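Colleague: Enclosed is the structure file upload.txt (compact mmCIF, C-alpha atoms).
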# COMPACT_ATOMS: atom_id res chain seq x y z
CA MET A 1 35.63 -83.17 38.14
CA LYS A 2 32.66 -82.70 40.37
CA LEU A 3 34.54 -79.93 42.21
CA ILE A 4 35.16 -78.08 38.95
CA ASN A 5 31.47 -78.33 38.02
CA ILE A 6 30.59 -76.78 41.35
CA LEU A 7 33.20 -73.97 41.19
CA ILE A 8 32.40 -72.74 37.65
CA PRO A 9 28.92 -71.30 38.50
CA VAL A 10 30.35 -69.71 41.64
CA ILE A 11 33.18 -68.06 39.70
CA VAL A 12 30.77 -66.72 37.02
CA ALA A 13 28.40 -65.27 39.62
CA THR A 14 31.31 -63.59 41.41
CA LEU A 15 32.53 -61.98 38.17
CA VAL A 16 29.06 -60.62 37.39
CA VAL A 17 28.76 -59.09 40.83
CA CYS A 18 32.20 -57.50 40.48
CA LEU A 19 31.36 -56.02 37.11
CA LEU A 20 28.15 -54.47 38.42
CA GLN A 21 29.76 -53.11 41.58
CA PRO A 22 30.30 -49.25 41.42
CA VAL A 23 33.85 -48.00 41.59
CA ASN A 24 34.62 -45.77 44.63
CA GLY A 25 30.86 -45.39 45.23
CA GLN A 26 30.22 -43.35 42.06
CA THR A 27 29.03 -44.15 38.52
CA GLY A 28 31.31 -43.66 35.55
CA MET A 29 30.71 -40.88 33.07
CA ALA A 30 29.05 -43.25 30.67
CA ALA A 31 26.35 -43.86 33.24
CA LEU A 32 24.84 -40.41 32.64
CA ASP A 33 22.56 -39.89 29.66
CA ILE A 34 20.76 -36.83 28.29
CA SER A 35 17.43 -36.51 26.52
CA LEU A 36 15.28 -33.60 25.34
CA VAL A 37 12.17 -33.16 27.48
CA SER A 38 10.58 -30.12 25.85
CA GLN A 39 11.17 -27.35 23.32
CA ASN A 40 9.22 -24.10 23.46
CA PRO A 41 8.19 -23.09 20.89
CA TYR A 42 8.14 -26.18 18.78
CA PRO A 43 9.37 -25.90 16.16
CA ALA A 44 11.69 -22.97 16.82
CA GLU A 45 11.52 -20.11 14.35
CA PRO A 46 14.53 -18.41 12.74
CA GLY A 47 15.16 -15.03 14.32
CA ALA A 48 13.27 -15.94 17.50
CA ASP A 49 14.13 -17.35 20.93
CA VAL A 50 13.68 -20.94 22.04
CA SER A 51 13.80 -22.59 25.45
CA ILE A 52 14.87 -26.23 25.71
CA GLU A 53 14.61 -28.47 28.74
CA ILE A 54 16.88 -31.51 29.00
CA GLU A 55 16.82 -34.43 31.41
CA ILE A 56 20.11 -35.79 32.81
CA GLU A 57 19.50 -39.36 33.90
CA ASN A 58 21.75 -41.55 36.07
CA ILE A 59 21.45 -45.04 34.64
CA GLY A 60 24.01 -46.42 37.09
CA TYR A 61 23.60 -47.93 40.53
CA ALA A 62 25.44 -45.37 42.66
CA ASP A 63 25.34 -41.63 43.18
CA ALA A 64 26.80 -39.26 40.61
CA LYS A 65 28.19 -36.25 42.46
CA ASN A 66 29.47 -32.83 41.38
CA MET A 67 28.74 -33.37 37.72
CA VAL A 68 28.78 -30.57 35.10
CA VAL A 69 26.62 -30.41 31.96
CA GLU A 70 28.01 -27.90 29.46
CA LEU A 71 26.18 -26.75 26.31
CA ILE A 72 28.42 -26.33 23.27
CA PRO A 73 26.80 -23.47 21.26
CA LYS A 74 26.99 -23.70 17.49
CA ASP A 75 25.10 -22.32 14.49
CA PRO A 76 22.29 -21.54 14.27
CA PHE A 77 22.00 -21.26 18.07
CA ARG A 78 23.56 -18.94 20.59
CA LEU A 79 22.95 -18.46 24.30
CA LEU A 80 20.86 -15.51 25.33
CA PRO A 81 22.66 -12.76 27.30
CA GLY A 82 23.08 -13.79 30.93
CA GLU A 83 22.47 -17.46 30.18
CA GLU A 84 25.21 -19.85 31.46
CA ALA A 85 26.47 -22.64 29.25
CA LYS A 86 27.43 -24.77 32.28
CA LYS A 87 24.97 -26.29 34.72
CA THR A 88 26.32 -27.99 37.86
CA ILE A 89 24.53 -30.95 39.40
CA THR A 90 25.36 -31.64 43.00
CA GLN A 91 24.05 -35.19 43.06
CA ILE A 92 21.96 -37.59 41.03
CA GLY A 93 20.87 -40.78 42.75
CA PRO A 94 20.92 -44.17 41.02
CA GLN A 95 18.16 -44.57 38.45
CA SER A 96 17.22 -40.93 39.05
CA SER A 97 17.31 -37.78 36.94
CA VAL A 98 17.37 -33.99 37.09
CA LYS A 99 16.19 -31.40 34.56
CA LYS A 100 17.95 -28.28 33.33
CA THR A 101 16.73 -25.47 31.04
CA PHE A 102 18.74 -23.51 28.45
CA ASP A 103 17.48 -20.34 26.69
CA LEU A 104 18.77 -19.84 23.16
CA HIS A 105 18.36 -17.54 20.18
CA VAL A 106 17.96 -18.93 16.68
CA ASP A 107 19.87 -17.16 13.92
CA THR A 108 17.70 -15.22 11.45
CA GLU A 109 19.30 -16.95 8.48
CA ALA A 110 18.70 -20.44 9.82
CA ILE A 111 17.29 -22.90 7.30
CA SER A 112 14.38 -25.06 8.33
CA SER A 113 15.84 -28.35 9.57
CA ASP A 114 16.54 -30.52 12.61
CA TYR A 115 19.75 -29.48 14.37
CA LYS A 116 21.95 -31.37 16.86
CA LEU A 117 22.84 -29.64 20.11
CA ASP A 118 25.88 -31.12 21.90
CA PHE A 119 26.45 -31.30 25.64
CA ASN A 120 29.68 -32.27 27.39
CA ILE A 121 29.29 -34.17 30.67
CA TYR A 122 32.16 -34.37 33.15
CA SER A 123 33.10 -34.36 36.80
CA ALA A 124 33.82 -30.94 38.28
CA GLN A 125 37.14 -32.39 39.52
CA ASN A 126 38.18 -33.68 36.10
CA PRO A 127 36.86 -31.52 33.19
CA ALA A 128 39.22 -33.17 30.72
CA ALA A 129 37.49 -36.52 31.06
CA TYR A 130 34.17 -35.74 29.39
CA SER A 131 31.65 -37.53 27.27
CA THR A 132 29.42 -35.85 24.66
CA LYS A 133 25.68 -36.32 24.32
CA SER A 134 23.37 -34.75 21.74
CA VAL A 135 19.72 -33.77 21.50
CA THR A 136 17.74 -32.74 18.41
CA VAL A 137 16.13 -29.28 18.17
CA SER A 138 13.65 -28.62 15.36
CA VAL A 139 13.77 -25.28 13.49
CA GLN A 140 11.13 -24.34 10.99
CA GLY A 141 10.50 -20.99 9.37
CA ASN A 142 7.04 -19.50 9.09
CA PRO A 143 6.11 -17.63 5.91
CA LYS A 144 4.56 -14.20 6.34
CA LEU A 145 3.19 -12.52 3.22
CA VAL A 146 2.52 -8.81 2.67
CA ILE A 147 1.29 -6.79 -0.31
CA GLU A 148 4.06 -4.36 -1.18
CA SER A 149 2.07 -2.43 -3.79
CA VAL A 150 -0.95 -2.52 -6.08
CA GLU A 151 -0.77 -0.74 -9.43
CA THR A 152 -3.59 -0.33 -11.93
CA THR A 153 -3.44 -0.04 -15.71
CA PRO A 154 -4.87 2.38 -16.71
CA ASP A 155 -4.52 4.81 -13.80
CA ASP A 156 -8.03 6.19 -14.37
CA ILE A 157 -10.57 3.39 -13.99
CA GLU A 158 -13.72 4.17 -15.92
CA PRO A 159 -17.16 2.55 -16.01
CA GLY A 160 -17.58 0.31 -19.04
CA GLY A 161 -13.86 -0.44 -19.27
CA SER A 162 -11.43 -2.90 -17.74
CA VAL A 163 -8.44 -2.64 -15.43
CA THR A 164 -5.32 -4.74 -14.92
CA LEU A 165 -4.23 -5.13 -11.30
CA ASN A 166 -0.52 -5.71 -10.69
CA PHE A 167 0.29 -7.01 -7.22
CA LYS A 168 3.74 -7.20 -5.64
CA ILE A 169 3.76 -9.89 -2.95
CA LYS A 170 6.70 -10.18 -0.53
CA ASN A 171 7.54 -12.92 1.96
CA ILE A 172 8.88 -11.15 5.06
CA GLY A 173 8.72 -14.33 7.13
CA SER A 174 11.35 -16.99 7.82
CA GLY A 175 9.85 -19.90 5.90
CA THR A 176 8.94 -20.67 2.31
CA ALA A 177 5.35 -20.27 1.13
CA ARG A 178 4.92 -23.26 -1.15
CA HIS A 179 2.54 -23.54 -4.12
CA LEU A 180 1.36 -19.95 -3.66
CA GLN A 181 -1.67 -18.81 -5.62
CA ALA A 182 -3.62 -15.54 -5.54
CA LYS A 183 -7.37 -15.31 -5.91
CA ILE A 184 -9.50 -12.21 -6.47
CA ASN A 185 -13.02 -12.08 -5.04
CA SER A 186 -15.44 -9.20 -5.64
CA THR A 187 -18.59 -8.66 -3.62
CA SER A 188 -19.86 -6.13 -6.16
CA ALA A 189 -21.63 -7.13 -9.37
CA TYR A 190 -20.01 -4.11 -11.06
CA LEU A 191 -16.48 -5.56 -10.77
CA VAL A 192 -16.03 -8.96 -12.40
CA PRO A 193 -12.72 -10.88 -12.79
CA ILE A 194 -11.80 -11.65 -16.40
CA LEU A 195 -10.60 -15.17 -17.28
CA SER A 196 -9.80 -17.98 -14.81
CA GLY A 197 -12.10 -16.47 -12.22
CA GLY A 198 -9.32 -14.21 -10.92
CA LEU A 199 -7.06 -17.14 -9.90
CA VAL A 200 -3.32 -16.72 -10.50
CA TYR A 201 -0.68 -19.37 -9.72
CA ILE A 202 2.62 -17.93 -8.42
CA GLY A 203 4.63 -20.90 -7.13
CA ASP A 204 7.06 -21.00 -4.19
CA LEU A 205 7.93 -17.73 -2.45
CA ASN A 206 11.12 -17.90 -0.39
CA PRO A 207 11.91 -15.71 2.64
CA GLY A 208 12.79 -12.17 1.53
CA GLU A 209 11.60 -12.81 -2.03
CA THR A 210 9.12 -10.66 -3.98
CA LYS A 211 6.98 -11.86 -6.87
CA GLU A 212 4.36 -10.20 -9.03
CA ALA A 213 0.89 -11.35 -9.98
CA SER A 214 -1.55 -9.77 -12.42
CA THR A 215 -5.26 -10.16 -12.92
CA GLN A 216 -7.94 -8.28 -14.82
CA LEU A 217 -11.32 -6.88 -13.81
CA SER A 218 -14.19 -5.76 -15.98
CA ILE A 219 -15.93 -2.56 -14.85
CA ASP A 220 -19.66 -2.46 -15.55
CA SER A 221 -20.93 0.61 -17.40
CA LEU A 222 -23.37 1.25 -14.53
CA ALA A 223 -20.63 1.36 -11.90
CA GLU A 224 -20.75 4.43 -9.68
CA TYR A 225 -17.89 6.84 -9.14
CA LYS A 226 -16.60 5.49 -5.82
CA THR A 227 -14.03 3.12 -4.35
CA TYR A 228 -15.03 -0.54 -4.51
CA THR A 229 -13.43 -3.15 -2.26
CA ILE A 230 -12.16 -6.47 -3.59
CA THR A 231 -10.59 -9.30 -1.60
CA LEU A 232 -7.18 -10.73 -2.45
CA THR A 233 -6.70 -14.19 -0.94
CA LEU A 234 -3.23 -15.77 -0.91
CA GLU A 235 -3.36 -19.55 -0.52
CA TYR A 236 -0.20 -21.61 0.12
CA LYS A 237 1.34 -24.38 2.20
CA ASP A 238 3.87 -23.82 4.96
CA GLU A 239 6.99 -25.91 5.44
CA SER A 240 5.04 -28.56 7.33
CA ASN A 241 2.75 -28.84 4.28
CA ASN A 242 -0.15 -27.34 6.21
CA PRO A 243 -2.63 -25.34 4.07
CA THR A 244 -2.59 -21.63 4.97
CA SER A 245 -4.27 -18.52 3.59
CA ASP A 246 -3.94 -14.77 4.09
CA THR A 247 -6.62 -12.27 3.07
CA PHE A 248 -6.17 -8.62 2.10
CA ASP A 249 -8.73 -5.95 1.19
CA VAL A 250 -7.86 -3.81 -1.83
CA GLY A 251 -9.64 -0.59 -2.81
CA ILE A 252 -10.42 -0.05 -6.51
CA PRO A 253 -11.31 3.63 -7.22
CA VAL A 254 -13.70 3.98 -10.14
CA THR A 255 -13.34 7.65 -11.02
CA GLY A 256 -13.70 8.02 -14.77
CA SER A 257 -12.04 10.80 -16.72
CA ILE A 258 -12.77 14.39 -17.72
CA ARG A 259 -12.02 15.49 -21.32
CA LEU A 260 -12.80 19.11 -22.12
CA ASP A 261 -12.70 20.27 -25.73
CA ILE A 262 -13.73 23.45 -27.57
CA ILE A 263 -16.35 22.55 -30.14
CA ASN A 264 -17.38 26.00 -31.40
CA ILE A 265 -16.38 29.68 -31.23
CA GLU A 266 -18.60 32.40 -32.62
CA PRO A 267 -19.32 36.08 -32.01
CA ASN A 268 -22.72 37.23 -30.84
CA TYR A 269 -23.15 40.70 -32.34
CA ASN A 270 -26.52 41.23 -30.70
CA ARG A 271 -24.96 40.96 -27.24
CA MET A 272 -21.53 42.14 -28.35
CA ALA A 273 -20.14 38.91 -26.84
CA LEU A 274 -17.83 36.08 -27.84
CA ASP A 275 -19.37 32.64 -27.16
CA ILE A 276 -17.07 29.61 -26.73
CA GLU A 277 -18.84 26.24 -26.58
CA VAL A 278 -17.07 23.54 -24.52
CA ALA A 279 -17.99 19.84 -24.30
CA ASN A 280 -17.08 17.27 -21.63
CA LYS A 281 -16.28 14.15 -23.65
CA GLY A 282 -15.21 12.16 -20.57
CA THR A 283 -17.05 9.80 -18.26
CA THR A 284 -17.35 11.87 -15.10
CA ASP A 285 -18.42 15.38 -14.10
CA ALA A 286 -16.25 18.51 -13.98
CA LYS A 287 -17.21 20.75 -11.06
CA SER A 288 -16.57 24.36 -10.00
CA MET A 289 -15.44 25.38 -13.47
CA GLU A 290 -13.69 28.69 -14.11
CA ALA A 291 -13.02 29.65 -17.75
CA LYS A 292 -10.60 32.52 -18.46
CA LEU A 293 -10.05 33.90 -21.97
CA MET A 294 -6.67 35.45 -22.63
CA ILE A 295 -5.67 37.11 -25.92
CA GLY A 296 -1.97 37.86 -25.94
CA ASN A 297 -1.14 38.75 -22.35
CA GLU A 298 -4.48 40.41 -21.70
CA THR A 299 -7.35 38.81 -19.78
CA ILE A 300 -10.49 39.42 -21.81
CA GLY A 301 -12.96 37.95 -19.34
CA ILE A 302 -13.82 35.17 -16.87
CA ASP A 303 -16.95 33.01 -16.80
CA TYR A 304 -18.10 30.36 -14.31
CA LEU A 305 -20.13 27.14 -14.23
CA SER A 306 -20.95 24.99 -11.21
CA ILE A 307 -20.92 21.61 -12.98
CA LEU A 308 -20.52 20.17 -16.48
CA LYS A 309 -21.76 16.61 -16.59
CA ALA A 310 -20.18 13.85 -18.64
CA THR A 311 -21.13 13.91 -22.37
CA LYS A 312 -22.70 17.39 -21.94
CA LYS A 313 -21.72 20.82 -23.26
CA THR A 314 -21.95 24.43 -22.14
CA THR A 315 -21.24 27.94 -23.49
CA PHE A 316 -18.89 30.42 -21.86
CA SER A 317 -19.39 34.09 -22.82
CA PHE A 318 -16.75 36.83 -22.93
CA PRO A 319 -16.57 40.41 -24.22
CA LEU A 320 -16.48 40.49 -28.00
CA VAL A 321 -13.02 40.21 -29.55
CA MET A 322 -12.78 40.05 -33.31
CA LYS A 323 -9.15 39.16 -33.93
CA GLY A 324 -6.23 37.73 -32.03
CA GLN A 325 -4.63 34.54 -30.76
CA GLY A 326 -4.54 33.27 -27.20
CA GLU A 327 -5.86 30.54 -24.97
CA LEU A 328 -8.87 29.45 -22.99
CA ILE A 329 -7.77 28.34 -19.52
CA ILE A 330 -10.26 26.16 -17.64
CA ASN A 331 -9.83 25.28 -13.96
CA TYR A 332 -12.10 22.62 -12.49
CA VAL A 333 -12.51 20.10 -9.66
CA GLY A 334 -12.36 16.37 -10.47
CA PRO A 335 -14.28 13.47 -8.88
CA GLY A 336 -11.63 13.03 -6.20
CA LEU A 337 -11.88 16.75 -5.29
CA GLU A 338 -8.53 17.30 -6.97
CA GLN A 339 -7.81 20.62 -8.68
CA ASN A 340 -7.20 20.37 -12.44
CA GLN A 341 -6.41 22.79 -15.25
CA VAL A 342 -6.62 22.50 -19.02
CA SER A 343 -5.56 25.05 -21.65
CA LYS A 344 -6.96 25.24 -25.19
CA LEU A 345 -5.59 27.32 -28.08
CA VAL A 346 -7.95 30.01 -29.35
CA THR A 347 -7.55 31.81 -32.72
CA LEU A 348 -9.97 34.63 -33.56
CA ASP A 349 -10.47 36.15 -37.04
CA PHE A 350 -13.96 37.62 -37.41
CA GLN A 351 -15.36 40.51 -39.50
CA LEU A 352 -18.47 42.55 -39.10
CA PRO A 353 -21.13 40.93 -41.28
CA SER A 354 -22.40 42.99 -44.23
CA GLY A 355 -26.11 43.74 -44.42
CA ASN A 356 -26.70 43.17 -40.78
CA GLY A 357 -29.88 45.20 -40.21
CA THR A 358 -29.83 44.98 -36.49
CA LEU A 359 -26.26 46.16 -36.24
CA SER A 360 -26.91 48.98 -38.68
CA LEU A 361 -29.97 50.00 -36.70
CA MET A 362 -27.98 50.02 -33.48
CA ILE A 363 -25.28 52.14 -35.06
CA GLY A 364 -27.90 54.49 -36.48
CA VAL A 365 -29.61 54.85 -33.12
CA ILE A 366 -26.30 55.60 -31.48
CA ILE A 367 -25.53 58.29 -34.07
CA ILE A 368 -28.97 59.86 -33.64
CA LEU A 369 -28.60 59.89 -29.89
CA ILE A 370 -25.25 61.59 -30.20
CA ILE A 371 -26.72 64.25 -32.50
CA ILE A 372 -29.68 64.84 -30.15
CA TYR A 373 -27.29 65.17 -27.25
CA PHE A 374 -25.23 67.84 -28.93
CA ILE A 375 -28.34 69.76 -30.10
CA TRP A 376 -29.81 69.64 -26.62
CA ARG A 377 -26.55 70.74 -25.08
CA LYS A 378 -26.24 73.68 -27.47
CA PHE A 379 -29.88 74.76 -26.91
CA PHE A 380 -29.56 74.46 -23.14
CA ARG A 381 -26.44 76.61 -23.04
CA LYS A 382 -28.02 79.27 -25.29
CA LYS A 383 -31.12 79.44 -23.10
CA ARG A 384 -29.08 79.85 -19.92
CA HIS A 385 -27.05 82.66 -21.51
CA HIS A 386 -30.23 84.54 -22.57
CA THR A 387 -31.82 84.24 -19.14
CA HIS A 388 -28.72 85.64 -17.46
CA HIS A 389 -28.73 88.85 -19.59
CA THR A 390 -32.47 89.65 -19.29
CA ARG A 391 -32.80 89.32 -15.49
CA PRO A 392 -34.74 92.46 -14.12
CA THR A 393 -33.14 94.83 -11.57
CA HIS A 394 -34.87 96.27 -8.49
CA SER A 395 -34.51 99.90 -7.34
CA LYS A 396 -34.26 100.82 -3.77
Mind turning the file's structure into structure tokens?
Modeller:
Amino acid sequence: MKLINILIPVIVATLVVCLLQPVNGQTGMAALDISLVSQNPYPAEPGADVSIEIEIENIGYADAKNMVVELIPKDPFRLLPGEEAKKTITQIGPQSSVKKTFDLHVDTEAISSDYKLDFNIYSAQNPAAYSTKSVTVSVQGNPKLVIESVETTPDDIEPGGSVTLNFKIKNIGSGTARHLQAKINSTSAYLVPILSGGLVYIGDLNPGETKEASTQLSIDSLAEYKTYTITLTLEYKDESNNPTSDTFDVGIPVTGSIRLDIINIEPNYNRMALDIEVANKGTTDAKSMEAKLMIGNETIGIDYLSILKATKKTTFSFPLVMKGQGELIINYVGPGLEQNQVSKLVTLDFQLPSGNGTLSLMIGVIIILIIIYFIWRKFFRKKRHHTHHTRPTHSK
């Protein structure tokens, strides 16, 4: 009995030593482990490249020789051109490790998540006897917002009015912009957001998605005719819930409008002219004006004016025409130096006024002058004829 009590501890110790003793001087496959050391960038972005470094550790008590670590590519990862999936390790000492790097590309359509990358580990002499280890690679998309277009309603923005701004916002990035809101800020006192201080909530904007946002601005009546700059700020959270904002400058052209109308047409018998009075009923000036009167297909006359200010009027004069139908064609330059043309219908039906003393006097004077001319002409001819026949002759 005493002998048995002595032998049992010896037998147990012997078994433990045998179990811990390496076989043929090399660790088994299960003695190698893999862990992720670094990922650059972290997190990886869809559509971009990522470099991962793994550590192969020998947790056994003997050398591991001629071992192969093979990456098994799978979505959303693929090896970059020229990159080898297999890495050979000549030797790893007991309780030692080596590091290997793999360069990968992340698929553009990858969804933000944590992905498992698998590695097979085996002896170069026996590839069929492998074990599989995994590491976790983090992929997260980054939202990137752009302003596709800005439209105004109305097109012509006038002082004293208001304008609606319609923005189209697109996410061209790889991650979702969460809880997106747009805010309008104006540094000018002449442009003031209407309602809610120019803040518009949009919601989540997924990659490749476009959403619209609208806000209104009031234009002060004293605003000048120029382009004002407002700031559009897009505030949102990325997929890590980090607050982010993008800022864009938007030009708002305050130009006003030009409205030309004929307000009066009347003949001027004293000057033998036709006067057409035109008013600018718009909110900005018309410059370099050319007015052409056409009756039928005939150009009656052309008149010019350098500038017609807003809410002012002017008179264009043409040779007197009493009857006919045609048009007044006005060419002018707008506030943006653009060339414009407007055509107005003109109908003429005038008669000489009865009892017009001035006109009668003019006609009488003309008749008298004609009579005097003929009398003078007749007298002058008669005198020349008489002189020719009474010229003296000289004898030799």
Colleague: Choose the residue, out of A:Glu290, A:Glu83, A:Asp63, A:Glu266, that has the smallest atom-to-atom separation from Thr347 in chain A; count only C-alpha atoms.
Modeller: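 Using only C-alpha atoms, the shortest distance to Thr347 in chain A belongs to A:Glu266.
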Colleague: Taking all atoms listed in the file into account, which of A:Leu205, A:Val254, A:Val333, A:Leu369 comes nearest Asp285 in chain A?
Modeller: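 Of the candidates, the smallest distance to Asp285 in chain A is held by A:Val333.
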Colleague: For the contact check between range 138-161 of chain A and range 175-179 of chain A, emit one row per residue of range 138-161 of chain A within 9 Å, containing the shortest atom pair and the distance in Å rounded to one decimal, counting all atoms listed in the file, chain then rising number order, as JSON lines.
Modeller:
{"residue": "A:Gln140", "atom": "CA", "partner": "A:Gly175", "partner_atom": "CA", "distance": 6.9}
{"residue": "A:Gly141", "atom": "CA", "partner": "A:Gly175", "partner_atom": "CA", "distance": 3.7}
{"residue": "A:Asn142", "atom": "CA", "partner": "A:Gly175", "partner_atom": "CA", "distance": 4.3}
{"residue": "A:Pro143", "atom": "CA", "partner": "A:Gly175", "partner_atom": "CA", "distance": 4.4}
{"residue": "A:Lys144", "atom": "CA", "partner": "A:Gly175", "partner_atom": "CA", "distance": 7.8}
{"residue": "A:Leu145", "atom": "CA", "partner": "A:Ala177", "partner_atom": "CA", "distance": 8.3}
Colleague: Kindly export the residues of the current selection with C-alpha atoms, as a compact mmCIF listing (two decimals), keeping the file's coordinate frame.
Modeller:
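Just written: result30.txt:
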# COMPACT_ATOMS: atom_id res chain seq x y z
CA GLN A 140 11.13 -24.34 10.99
CA GLY A 141 10.50 -20.99 9.37
CA ASN A 142 7.04 -19.50 9.09
CA PRO A 143 6.11 -17.63 5.91
CA LYS A 144 4.56 -14.20 6.34
CA LEU A 145 3.19 -12.52 3.22
Colleague: Figure out the distance between CA of Leu32 in chain A and CA of Lys133 in chain A, please, to one decimal in Å.
Modeller: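 Value for the CA of Lys133 in chain A-CA of Leu32 in chain A distance: 9.3 Å.
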Colleague: Determine, using only C-alpha atoms, which residues of range 34-84 of chain A have any atom at most 9 Å from an atom of range 96-120 of chain A, and tabulate each with its shortest atom pair and distance in Å to one decimal place, rows ordered by chain and then rising number, as JSON lines.
Modeller:
{"residue": "A:Ile34", "atom": "CA", "partner": "A:Phe119", "partner_atom": "CA", "distance": 8.4}
{"residue": "A:Val37", "atom": "CA", "partner": "A:Lys99", "partner_atom": "CA", "distance": 8.3}
{"residue": "A:Ala44", "atom": "CA", "partner": "A:Val106", "partner_atom": "CA", "distance": 7.5}
{"residue": "A:Glu45", "atom": "CA", "partner": "A:Val106", "partner_atom": "CA", "distance": 6.9}
{"residue": "A:Pro46", "atom": "CA", "partner": "A:Thr108", "partner_atom": "CA", "distance": 4.7}
{"residue": "A:Gly47", "atom": "CA", "partner": "A:Thr108", "partner_atom": "CA", "distance": 3.8}
{"residue": "A:Ala48", "atom": "CA", "partner": "A:Val106", "partner_atom": "CA", "distance": 5.6}
{"residue": "A:Asp49", "atom": "CA", "partner": "A:His105", "partner_atom": "CA", "distance": 4.3}
{"residue": "A:Val50", "atom": "CA", "partner": "A:Leu104", "partner_atom": "CA", "distance": 5.3}
{"residue": "A:Ser51", "atom": "CA", "partner": "A:Asp103", "partner_atom": "CA", "distance": 4.5}
{"residue": "A:Ile52", "atom": "CA", "partner": "A:Phe102", "partner_atom": "CA", "distance": 5.5}
{"residue": "A:Glu53", "atom": "CA", "partner": "A:Thr101", "partner_atom": "CA", "distance": 4.3}
{"residue": "A:Ile54", "atom": "CA", "partner": "A:Lys100", "partner_atom": "CA", "distance": 5.5}
{"residue": "A:Glu55", "atom": "CA", "partner": "A:Lys99", "partner_atom": "CA", "distance": 4.4}
{"residue": "A:Ile56", "atom": "CA", "partner": "A:Ser97", "partner_atom": "CA", "distance": 5.4}
{"residue": "A:Glu57", "atom": "CA", "partner": "A:Ser97", "partner_atom": "CA", "distance": 4.1}
{"residue": "A:Asn58", "atom": "CA", "partner": "A:Ser96", "partner_atom": "CA", "distance": 5.5}
{"residue": "A:Ile59", "atom": "CA", "partner": "A:Ser96", "partner_atom": "CA", "distance": 7.4}
{"residue": "A:Gly60", "atom": "CA", "partner": "A:Ser96", "partner_atom": "CA", "distance": 8.9}
{"residue": "A:Val68", "atom": "CA", "partner": "A:Asn120", "partner_atom": "CA", "distance": 7.9}
{"residue": "A:Val69", "atom": "CA", "partner": "A:Asn120", "partner_atom": "CA", "distance": 5.8}
{"residue": "A:Glu70", "atom": "CA", "partner": "A:Asn120", "partner_atom": "CA", "distance": 5.1}
{"residue": "A:Leu71", "atom": "CA", "partner": "A:Phe119", "partner_atom": "CA", "distance": 4.6}
{"residue": "A:Ile72", "atom": "CA", "partner": "A:Asp118", "partner_atom": "CA", "distance": 5.6}
{"residue": "A:Pro73", "atom": "CA", "partner": "A:Leu117", "partner_atom": "CA", "distance": 7.4}
{"residue": "A:Lys74", "atom": "CA", "partner": "A:Leu117", "partner_atom": "CA", "distance": 7.7}
{"residue": "A:Asp75", "atom": "CA", "partner": "A:Asp107", "partner_atom": "CA", "distance": 7.4}
{"residue": "A:Pro76", "atom": "CA", "partner": "A:Asp107", "partner_atom": "CA", "distance": 5.0}
{"residue": "A:Phe77", "atom": "CA", "partner": "A:Val106", "partner_atom": "CA", "distance": 4.9}
{"residue": "A:Arg78", "atom": "CA", "partner": "A:His105", "partner_atom": "CA", "distance": 5.4}
{"residue": "A:Leu79", "atom": "CA", "partner": "A:Leu104", "partner_atom": "CA", "distance": 4.5}
{"residue": "A:Leu80", "atom": "CA", "partner": "A:Leu104", "partner_atom": "CA", "distance": 5.3}
{"residue": "A:Glu83", "atom": "CA", "partner": "A:Asp103", "partner_atom": "CA", "distance": 6.7}
{"residue": "A:Glu84", "atom": "CA", "partner": "A:Phe102", "partner_atom": "CA", "distance": 8.0}
Colleague: What's the separation between CA of Glu298 in chain A and CA of Glu327 in chain A, in Å to one decimal place?
Modeller: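 One can read the CA of Glu298 in chain A to CA of Glu327 in chain A distance as 10.5 Å.
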Colleague: Point out the residue among A:Leu305, A:Met272, A:Met67, A:Leu337 with the least atom-to-atom distance to Val321 in chain A, counting all atoms listed in the file.
Modeller: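 Closest to Val321 in chain A, using all atoms listed in the file: A:Met272.
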Colleague: One number please: CA of Ile258 in chain A to CA of Asp275 in chain A, in Å, one decimal.
Modeller: 21.6 Å
Colleague: For Asn66 in chain A, please output as a short mmCIF file (atom, residue, chain, number, x, y, z; two decimals) with C-alpha atoms, in the frame of the given file all residues within 10 Å (counting all atoms listed in the file; exclusion window: fewer than 3 positions along the same chain).
Modeller:
data_model
loop_
_atom_site.label_atom_id
_atom_site.label_comp_id
_atom_site.auth_asym_id
_atom_site.auth_seq_id
_atom_site.Cartn_x
_atom_site.Cartn_y
_atom_site.Cartn_z
CA ASP A 63 25.34 -41.63 43.18
CA THR A 88 26.32 -27.99 37.86
CA ILE A 89 24.53 -30.95 39.40
CA THR A 90 25.36 -31.64 43.00
CA GLN A 91 24.05 -35.19 43.06
CA ILE A 92 21.96 -37.59 41.03
CA TYR A 122 32.16 -34.37 33.15
CA SER A 123 33.10 -34.36 36.80
CA ALA A 124 33.82 -30.94 38.28
CA GLN A 125 37.14 -32.39 39.52
#
Colleague: Identify the residues within 12 Å of coordinate (-24.6, 0.8, -10.3) (same frame as the file), considering only C-alpha atoms, and give the answer as a PyMOL selection string.
Modeller: chain A and resi 159-160+188-191+219-226+228+254
